[in-house]
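For reference, data_34.cif is printed below; it contains mmCIF, C-alpha atoms.
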```
data_structure
#
loop_
_atom_site.label_atom_id
_atom_site.label_comp_id
_atom_site.auth_asym_id
_atom_site.auth_seq_id
_atom_site.Cartn_x
_atom_site.Cartn_y
_atom_site.Cartn_z
CA MET A 1 -66.62 -116.85 58.32
CA PRO A 2 -68.71 -114.02 59.78
CA PHE A 3 -72.41 -113.80 58.90
CA ASP A 4 -73.68 -110.55 57.41
CA LEU A 5 -77.36 -110.40 58.36
CA GLU A 6 -77.94 -107.01 56.78
CA GLN A 7 -76.52 -108.12 53.44
CA SER A 8 -78.72 -111.21 53.55
CA ILE A 9 -81.87 -109.20 54.21
CA GLU A 10 -80.98 -106.66 51.51
CA THR A 11 -80.49 -109.52 49.04
CA LEU A 12 -83.73 -111.14 50.17
CA GLU A 13 -85.69 -107.95 49.54
CA GLN A 14 -84.18 -107.65 46.06
CA LEU A 15 -85.10 -111.24 45.27
CA VAL A 16 -88.70 -111.14 46.50
CA ASN A 17 -89.30 -107.89 44.61
CA THR A 18 -88.19 -109.58 41.38
CA PRO A 19 -91.18 -111.50 39.93
CA SER A 20 -90.31 -115.14 39.25
CA PRO A 21 -93.22 -117.58 39.11
CA SER A 22 -92.02 -120.96 37.84
CA GLY A 23 -91.52 -120.70 34.09
CA TYR A 24 -90.83 -116.95 34.18
CA THR A 25 -87.47 -116.70 35.93
CA ALA A 26 -84.99 -115.18 33.47
CA GLU A 27 -84.74 -111.83 35.28
CA VAL A 28 -84.19 -113.25 38.75
CA MET A 29 -81.68 -115.82 37.47
CA GLN A 30 -79.72 -113.00 35.84
CA LYS A 31 -79.59 -111.21 39.20
CA VAL A 32 -78.50 -114.37 41.01
CA SER A 33 -75.82 -115.04 38.40
CA GLY A 34 -74.52 -111.49 38.80
CA MET A 35 -74.30 -111.84 42.58
CA LEU A 36 -72.37 -115.11 42.31
CA LYS A 37 -69.97 -113.58 39.79
CA GLN A 38 -69.51 -110.60 42.12
CA ALA A 39 -68.46 -113.11 44.79
CA GLY A 40 -65.72 -114.26 42.42
CA LEU A 41 -67.30 -117.51 41.23
CA ASP A 42 -67.47 -118.95 37.75
CA VAL A 43 -71.11 -119.49 36.83
CA GLN A 44 -72.70 -121.97 34.46
CA LYS A 45 -76.27 -121.88 33.19
CA THR A 46 -78.13 -125.14 32.63
CA ASN A 47 -80.42 -125.77 29.68
CA LYS A 48 -83.40 -125.46 32.02
CA GLY A 49 -82.17 -122.04 33.16
CA ALA A 50 -80.74 -122.96 36.57
CA VAL A 51 -77.43 -121.48 37.76
CA LEU A 52 -74.51 -123.60 38.97
CA ALA A 53 -71.36 -122.21 40.62
CA THR A 54 -68.44 -124.20 42.05
CA ILE A 55 -66.00 -123.51 44.89
CA LYS A 56 -62.97 -125.82 44.82
CA GLY A 57 -62.06 -127.58 48.06
CA LYS A 58 -59.14 -129.66 49.34
CA ASP A 59 -60.90 -132.86 48.27
CA ASP A 60 -62.11 -132.52 44.68
CA ARG A 61 -63.05 -136.18 44.38
CA ARG A 62 -65.92 -136.30 46.87
CA GLN A 63 -68.04 -133.23 46.32
CA ARG A 64 -71.06 -131.53 47.84
CA LEU A 65 -74.01 -129.75 46.29
CA ILE A 66 -76.33 -127.32 48.08
CA THR A 67 -79.40 -126.09 46.25
CA ALA A 68 -81.93 -123.33 46.89
CA HIS A 69 -84.65 -122.18 44.52
CA VAL A 70 -85.87 -118.77 43.37
CA ASP A 71 -88.96 -119.76 41.43
CA THR A 72 -92.19 -118.95 43.23
CA LEU A 73 -95.90 -119.50 43.15
CA GLY A 74 -97.92 -117.48 40.66
CA ALA A 75 -100.47 -117.86 37.91
CA ILE A 76 -100.90 -117.87 34.15
CA VAL A 77 -103.71 -116.47 32.02
CA LYS A 78 -106.11 -119.29 31.15
CA ASP A 79 -108.69 -117.20 29.31
CA VAL A 80 -109.73 -113.64 28.56
CA LYS A 81 -113.32 -113.49 29.78
CA PRO A 82 -116.15 -111.72 27.90
CA SER A 83 -116.07 -109.08 30.67
CA GLY A 84 -112.44 -108.26 29.85
CA ARG A 85 -111.25 -109.80 33.10
CA LEU A 86 -108.83 -112.73 33.23
CA LYS A 87 -109.37 -116.35 34.18
CA LEU A 88 -106.28 -117.88 35.80
CA ASP A 89 -104.59 -121.22 36.19
CA LYS A 90 -102.32 -121.79 39.20
CA ILE A 91 -98.53 -122.20 39.05
CA GLY A 92 -97.41 -124.25 42.04
CA GLY A 93 -99.36 -125.65 44.95
CA PHE A 94 -101.41 -123.09 46.82
CA ASN A 95 -105.04 -122.36 47.66
CA TRP A 96 -106.84 -119.51 45.92
CA ASN A 97 -107.88 -118.00 49.25
CA ALA A 98 -104.16 -117.33 49.88
CA ALA A 99 -104.03 -115.05 46.82
CA GLU A 100 -107.51 -113.55 46.94
CA GLY A 101 -107.38 -109.76 47.25
CA GLU A 102 -103.70 -109.51 46.29
CA TYR A 103 -102.40 -106.95 43.84
CA CYS A 104 -100.70 -108.53 40.86
CA THR A 105 -98.86 -107.87 37.60
CA VAL A 106 -99.63 -109.40 34.21
CA HIS A 107 -96.43 -109.86 32.20
CA THR A 108 -97.28 -109.67 28.49
CA ALA A 109 -95.29 -111.32 25.72
CA ASP A 110 -94.17 -107.92 24.40
CA GLY A 111 -92.75 -106.90 27.79
CA ARG A 112 -95.56 -104.78 29.19
CA LYS A 113 -96.48 -104.96 32.88
CA ILE A 114 -100.17 -104.43 33.51
CA ARG A 115 -101.41 -104.11 37.05
CA GLY A 116 -104.50 -105.71 38.53
CA THR A 117 -106.06 -107.40 41.54
CA VAL A 118 -106.86 -111.07 42.16
CA LEU A 119 -110.53 -111.22 43.19
CA MET A 120 -113.53 -113.49 43.41
CA HIS A 121 -116.04 -112.83 40.65
CA GLN A 122 -118.66 -112.70 43.42
CA THR A 123 -116.79 -110.16 45.56
CA THR A 124 -119.42 -107.40 45.85
CA VAL A 125 -121.52 -108.20 48.92
CA HIS A 126 -124.19 -105.72 47.80
CA VAL A 127 -124.82 -107.83 44.70
CA TYR A 128 -123.83 -111.45 45.39
CA ARG A 129 -125.56 -113.29 48.21
CA ASP A 130 -122.86 -115.99 48.14
CA ALA A 131 -119.91 -113.55 48.27
CA GLY A 132 -118.56 -115.21 51.41
CA THR A 133 -119.48 -118.81 50.69
CA ALA A 134 -118.78 -119.28 46.98
CA GLU A 135 -115.97 -121.74 46.25
CA ARG A 136 -112.53 -120.17 45.90
CA SER A 137 -111.68 -121.89 42.62
CA SER A 138 -110.28 -121.13 39.18
CA ASP A 139 -113.89 -120.88 37.97
CA ASN A 140 -114.61 -117.99 40.33
CA ILE A 141 -111.22 -116.27 40.76
CA GLU A 142 -110.33 -113.60 38.21
CA VAL A 143 -108.03 -110.63 37.68
CA ARG A 144 -109.61 -107.18 37.65
CA LEU A 145 -107.28 -105.13 35.45
CA ASP A 146 -106.36 -101.55 36.24
CA GLU A 147 -107.22 -100.59 32.69
CA LYS A 148 -110.36 -99.30 31.01
CA THR A 149 -111.58 -102.51 29.47
CA VAL A 150 -115.08 -103.99 29.44
CA CYS A 151 -114.71 -106.80 26.92
CA ALA A 152 -112.27 -109.45 25.74
CA GLU A 153 -111.35 -107.50 22.60
CA GLU A 154 -110.30 -104.41 24.57
CA THR A 155 -108.20 -106.55 26.92
CA ARG A 156 -106.45 -108.24 24.02
CA GLN A 157 -105.70 -104.81 22.56
CA LEU A 158 -103.64 -104.20 25.70
CA GLY A 159 -101.38 -107.05 24.60
CA ILE A 160 -102.74 -109.58 27.08
CA GLU A 161 -103.25 -113.13 25.86
CA VAL A 162 -103.55 -116.70 27.07
CA GLY A 163 -100.19 -117.86 28.44
CA ASP A 164 -99.12 -114.55 29.98
CA PHE A 165 -97.63 -114.95 33.45
CA VAL A 166 -99.14 -113.30 36.51
CA SER A 167 -97.04 -112.49 39.59
CA PHE A 168 -98.38 -111.64 43.04
CA ASP A 169 -97.07 -108.62 44.98
CA PRO A 170 -94.71 -109.81 47.76
CA ARG A 171 -95.39 -106.95 50.24
CA PHE A 172 -91.97 -107.27 51.90
CA GLU A 173 -91.82 -105.81 55.39
CA ARG A 174 -89.20 -105.96 58.15
CA SER A 175 -90.20 -105.15 61.71
CA GLU A 176 -87.99 -103.61 64.39
CA ASN A 177 -88.29 -106.76 66.53
CA GLY A 178 -86.83 -109.03 63.87
CA PHE A 179 -89.80 -110.39 61.95
CA ILE A 180 -89.70 -110.45 58.15
CA LYS A 181 -93.02 -110.73 56.31
CA SER A 182 -93.34 -111.33 52.58
CA ARG A 183 -94.69 -113.67 49.99
CA HIS A 184 -92.08 -115.92 48.42
CA LEU A 185 -89.80 -116.34 51.46
CA ASP A 186 -90.05 -119.91 50.18
CA ASP A 187 -87.35 -120.18 49.01
CA LYS A 188 -85.84 -116.76 48.50
CA ALA A 189 -84.88 -116.54 52.17
CA SER A 190 -82.63 -119.59 51.79
CA THR A 191 -81.32 -118.34 48.44
CA ALA A 192 -80.31 -115.04 50.02
CA LEU A 193 -78.41 -116.90 52.75
CA LEU A 194 -76.68 -119.12 50.18
CA LEU A 195 -75.60 -116.08 48.16
CA GLU A 196 -74.31 -114.42 51.34
CA LEU A 197 -72.32 -117.60 52.11
CA ALA A 198 -70.69 -117.45 48.65
CA SER A 199 -69.71 -113.85 49.31
CA ALA A 200 -68.34 -114.68 52.78
CA ILE A 201 -66.22 -117.55 51.45
CA GLY A 202 -64.79 -115.29 48.77
CA GLU A 203 -64.01 -112.45 51.18
CA SER A 204 -62.50 -114.66 53.89
CA GLY A 205 -60.49 -116.88 51.58
CA ALA A 206 -61.65 -119.90 53.58
CA GLU A 207 -60.56 -123.24 52.16
CA LEU A 208 -63.34 -125.80 52.15
CA PRO A 209 -62.60 -129.46 52.95
CA HIS A 210 -64.58 -130.59 49.88
CA THR A 211 -65.49 -129.00 46.58
CA LEU A 212 -68.86 -127.29 46.89
CA HIS A 213 -71.43 -126.70 44.17
CA LEU A 214 -74.06 -124.00 44.65
CA TYR A 215 -77.12 -124.82 42.56
CA ILE A 216 -79.83 -122.17 42.28
CA SER A 217 -82.83 -123.88 40.72
CA ASN A 218 -85.79 -122.31 38.97
CA ASN A 219 -88.44 -125.05 38.72
CA GLU A 220 -88.76 -126.40 42.26
CA GLU A 221 -92.36 -125.31 42.82
CA ILE A 222 -93.45 -127.51 39.92
CA GLY A 223 -91.42 -130.49 41.06
CA PHE A 224 -88.31 -130.80 38.92
CA GLY A 225 -85.94 -127.96 39.75
CA GLY A 226 -82.78 -129.73 40.90
CA ASN A 227 -82.94 -133.16 39.28
CA ALA A 228 -80.58 -132.51 36.36
CA SER A 229 -77.06 -131.22 35.69
CA VAL A 230 -75.78 -132.53 39.03
CA PRO A 231 -71.95 -132.71 38.77
CA GLY A 232 -70.61 -136.25 38.61
CA GLY A 233 -68.45 -135.99 41.74
CA THR A 234 -71.38 -135.13 44.01
CA VAL A 235 -71.83 -137.53 46.93
CA GLU A 236 -73.88 -135.27 49.24
CA TYR A 237 -76.88 -133.30 48.01
CA VAL A 238 -78.52 -130.85 50.41
CA ALA A 239 -81.69 -128.91 49.70
CA PHE A 240 -81.58 -125.59 51.56
CA ASP A 241 -85.28 -124.85 51.80
CA MET A 242 -87.94 -123.70 54.24
CA GLY A 243 -89.12 -125.46 57.38
CA ALA A 244 -92.90 -125.98 57.56
CA ILE A 245 -94.73 -124.64 60.63
CA GLY A 246 -98.16 -125.63 61.93
CA ASP A 247 -100.08 -127.92 64.28
CA GLY A 248 -98.05 -131.02 65.10
CA GLN A 249 -94.85 -129.50 63.76
CA SER A 250 -91.76 -128.80 65.87
CA SER A 251 -90.35 -126.15 63.49
CA ASP A 252 -90.65 -122.51 64.45
CA GLU A 253 -89.53 -119.06 63.28
CA TYR A 254 -86.54 -118.85 65.65
CA THR A 255 -84.47 -121.96 64.86
CA VAL A 256 -83.15 -123.86 61.86
CA SER A 257 -85.38 -126.75 60.84
CA ILE A 258 -83.87 -130.10 59.81
CA CYS A 259 -86.25 -132.37 57.92
CA VAL A 260 -86.03 -136.09 58.64
CA LYS A 261 -88.89 -137.08 56.32
CA ASP A 262 -91.29 -135.50 53.82
CA SER A 263 -93.85 -136.85 51.34
CA SER A 264 -91.04 -138.54 49.40
CA GLY A 265 -89.90 -140.57 52.41
CA PRO A 266 -87.03 -140.33 54.90
CA TYR A 267 -83.92 -138.33 54.12
CA HIS A 268 -80.50 -139.98 54.41
CA TYR A 269 -80.15 -141.01 58.04
CA ASP A 270 -76.41 -140.45 58.55
CA LEU A 271 -76.33 -137.11 56.75
CA THR A 272 -79.38 -135.88 58.66
CA ARG A 273 -77.81 -136.96 61.97
CA HIS A 274 -74.59 -135.22 60.91
CA LEU A 275 -76.50 -131.94 60.54
CA ALA A 276 -78.15 -132.38 63.94
CA ASP A 277 -74.80 -133.21 65.55
CA LEU A 278 -73.25 -130.07 64.05
CA CYS A 279 -76.03 -128.02 65.64
CA LYS A 280 -75.41 -129.63 69.02
CA ARG A 281 -71.65 -129.14 68.77
CA GLU A 282 -71.94 -125.48 67.68
CA GLY A 283 -74.86 -124.59 69.95
CA ILE A 284 -77.12 -123.79 66.99
CA PRO A 285 -80.84 -123.61 67.87
CA HIS A 286 -82.53 -126.29 65.78
CA LYS A 287 -85.55 -128.55 65.47
CA LEU A 288 -85.97 -131.92 63.79
CA ASP A 289 -89.23 -132.22 61.91
CA ILE A 290 -91.37 -134.11 59.39
CA TYR A 291 -93.12 -132.21 56.58
CA PRO A 292 -96.13 -134.31 55.52
CA TYR A 293 -97.09 -132.46 52.31
CA TYR A 294 -93.70 -131.38 51.00
CA GLY A 295 -91.11 -132.24 48.39
CA SER A 296 -87.71 -130.69 47.71
CA ASP A 297 -85.08 -130.47 45.01
CA ALA A 298 -83.15 -133.14 46.94
CA SER A 299 -86.07 -135.57 46.82
CA ALA A 300 -86.53 -134.73 43.11
CA ALA A 301 -82.88 -135.65 42.52
CA ILE A 302 -83.35 -138.97 44.31
CA ARG A 303 -86.41 -139.72 42.17
CA ALA A 304 -84.36 -138.88 39.08
CA GLY A 305 -81.95 -141.66 40.05
CA TYR A 306 -78.94 -139.79 41.42
CA ASP A 307 -76.78 -141.90 43.73
CA VAL A 308 -76.27 -139.33 46.50
CA LYS A 309 -76.82 -138.89 50.20
CA HIS A 310 -79.59 -136.30 50.49
CA ALA A 311 -80.76 -133.97 53.26
CA LEU A 312 -82.94 -130.93 53.81
CA PHE A 313 -82.74 -128.00 56.21
CA GLY A 314 -83.56 -124.31 56.29
CA PRO A 315 -85.17 -121.42 58.16
CA GLY A 316 -88.64 -121.86 59.60
CA ILE A 317 -91.34 -120.15 57.50
CA GLU A 318 -94.78 -119.47 58.96
CA SER A 319 -97.88 -119.76 56.70
CA SER A 320 -96.06 -121.30 53.76
CA HIS A 321 -97.44 -120.66 50.28
CA ALA A 322 -99.47 -117.75 51.61
CA LEU A 323 -98.53 -114.59 53.55
CA GLU A 324 -95.26 -115.95 54.87
CA ARG A 325 -93.16 -114.81 57.83
CA THR A 326 -89.85 -115.67 59.49
CA HIS A 327 -87.52 -114.10 62.04
CA THR A 328 -83.91 -113.01 61.88
CA GLU A 329 -83.09 -115.58 64.60
CA SER A 330 -84.11 -118.36 62.22
CA LEU A 331 -82.06 -116.83 59.40
CA GLU A 332 -79.03 -116.63 61.69
CA ALA A 333 -79.44 -120.24 62.87
CA ALA A 334 -79.77 -121.48 59.28
CA ALA A 335 -76.69 -119.48 58.23
CA ARG A 336 -74.67 -120.93 61.12
CA LEU A 337 -75.58 -124.49 60.18
CA LEU A 338 -74.78 -123.74 56.56
CA ARG A 339 -71.27 -122.64 57.56
CA ALA A 340 -70.73 -125.55 59.91
CA TYR A 341 -71.81 -128.01 57.23
CA VAL A 342 -69.60 -126.76 54.39
CA MET A 343 -66.57 -126.78 56.73
CA SER A 344 -67.28 -130.30 58.03
CA PRO A 345 -65.99 -133.61 56.65
CA ILE A 346 -68.04 -135.76 54.28
CA VAL A 347 -70.23 -138.32 56.03
CA GLU A 348 -68.52 -141.69 55.74
CA ASP A 349 -70.37 -144.91 54.95
#
```
Write the structure described by the file as structure tokens, please.
Amino acid sequence: MPFDLEQSIETLEQLVNTPSPSGYTAEVMQKVSGMLKQAGLDVQKTNKGAVLATIKGKDDRRQRLITAHVDTLGAIVKDVKPSGRLKLDKIGGFNWNAAEGEYCTVHTADGRKIRGTVLMHQTTVHVYRDAGTAERSSDNIEVRLDEKTVCAEETRQLGIEVGDFVSFDPRFERSENGFIKSRHLDDKASTALLLELASAIGESGAELPHTLHLYISNNEEIGFGGNASVPGGTVEYVAFDMGAIGDGQSSDEYTVSICVKDSSGPYHYDLTRHLADLCKREGIPHKLDIYPYYGSDASAAIRAGYDVKHALFGPGIESSHALERTHTESLEAAARLLRAYVMSPIVED
């Protein structure tokens, strides 16, 4: 099955430009569902709003599931302040300094989209002596709305209220030398590659050795995206998610990262070794790594009690949960391992 890099990047840009903080994912899930249907797959929607599509294989008794998630970090309105600005509460695990200064959109209950900027209350250096040292916290971070409002009543007249979701601008950019910069590459980069795989399987008519379920989850960033509605025949569960880069990490932006352990504990030894062996056999650039402060849909499924072999791999993402970046070489390596895996035999006990 050939890999269409340009299609993957086009899909990725569509996905990151569709706001989808955890809890506010209906629009992006509709797009994902449409893409899977366009690839010729029957699509089911779970009660939690996830999307599940199935590709029949030669062996329908022992099945595989690969999941990626499209929910992202974001915020929710905690309070409308007396000044008319908004106090926020975080959605997902990030630091406020990673969002400070970002343009954002407030999504009101009646469908309006009101623009603003995420700022420290003490931003103006000509007024606040502690502008650079004040704690970046929910007590000090606020949204300055691009509307003429100077009090809580005027802001509420715009239709804004407690519980409205706030999405951060992704700022997608692709450089000529292969870098891709954007918020929310976690995990929309992997989702784009998984959708491209579905399209490639449909176009090539490739017959898979085992039935494959594609599970696009929408609650991963809050810890419980892929721990329900797992088909009963599933024996291997793979989370297709980002590789974490930083000091002490082996992952980088040019290879596929295979996780051997995260905060939940080790991943299934034999399945993880199977992925590494596929990389060696196919000449796929890869790194084995441990992510110390990380959890995945696969680890959530294990915690939920599913009796499956679980693994985790994906493209390397620099500066996760902030201004993220990857490279087309990492996307290509992840796509190659994805193809090698779905065409390989099930790992035997």
Exercise. Name the residues captured by the PyMOL selection byres ((chain A and resi 261) around 9) when it is applied to the shown file; answer as a list in words.
Key: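 What the PyMOL selection byres ((chain A and resi 261) around 9) grabs from the file is Cys259, Val260, Asp262, Ser263, Ser264, Gly265, Pro266, Tyr267, Asp289, Ile290, Tyr291, Pro292 and Leu312 of chain A.
If you measure from each of A:Ala50, A:Val347, A:Ile258, A:Leu158 to Arg112 (chain A) using only C-alpha atoms, the closest one turns out to be A:Leu158.
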Practice problem: Run the PyMOL selection byres ((chain A and resi 16-20) around 9) mentally over the shown coordinates, then write out the matched residues as a count of residues only, using the chain letters and numbers from the document. | Solution: 34
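When all atoms listed in the file are used to measure the gap to Gln38 (chain A), the shortest distance among A:Ser229, A:Ser199, A:Ala75, A:Ser250 belongs to A:Ser199.
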Exercise. Would you please work out which residue, of A:Phe179, A:Phe240, A:Phe165, A:Tyr128, is nearest to Asp110 (chain A) when using only C-alpha atoms?
Key: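 Checking each of A:Phe179, A:Phe240, A:Phe165, A:Tyr128 against Asp110 (chain A), counting only C-alpha atoms, the winner is A:Phe165.
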Quiz item: Applied to this file, what does the PyMOL selection byres ((chain A and resi 145) around 7) return in terms of residues, put as a ChimeraX atom specification?
Solution: /A:85,115-117,143-144,146-147
With C-alpha atoms retained, write the just-selected residues as a tab-separated table (two decimals), in the frame of the given file.
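Wrote selection_28.tsv, looks like this:
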```
chain	number	residue	atom	x	y	z
A	85	ARG	CA	-111.25	-109.80	33.10
A	115	ARG	CA	-101.41	-104.11	37.05
A	116	GLY	CA	-104.50	-105.71	38.53
A	117	THR	CA	-106.06	-107.40	41.54
A	143	VAL	CA	-108.03	-110.63	37.68
A	144	ARG	CA	-109.61	-107.18	37.65
A	146	ASP	CA	-106.36	-101.55	36.24
A	147	GLU	CA	-107.22	-100.59	32.69
```
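CA of Thr328 (chain A) to CA of Ala39 (chain A) spans 23.0 Å [interatomic distance, one decimal].
Interatomic distance, CA of His286 (chain A) against CA of Ala333 (chain A): 7.4 Å.
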Practice problem: Starting from the point (-65.4, -116.8, 44.3), work out which residues of protein, DNA or RNA have an atom no more than 8 Å away when counting all atoms listed in the file; state them as a list of chain:residue names. | Solution: A:Leu36, A:Lys37, A:Gln38, A:Ala39, A:Gly40, A:Leu41, A:Asp42, A:Ile55, A:Ala198, A:Ser199, A:Ile201, A:Gly202
Quiz prompt | Which of A:Glu318, A:Glu332, A:Glu220, A:Glu348 sits closest to Tyr269 (chain A) [using all atoms listed in the file] | solution =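 For Tyr269 (chain A), the nearest of the candidates is A:Glu348.
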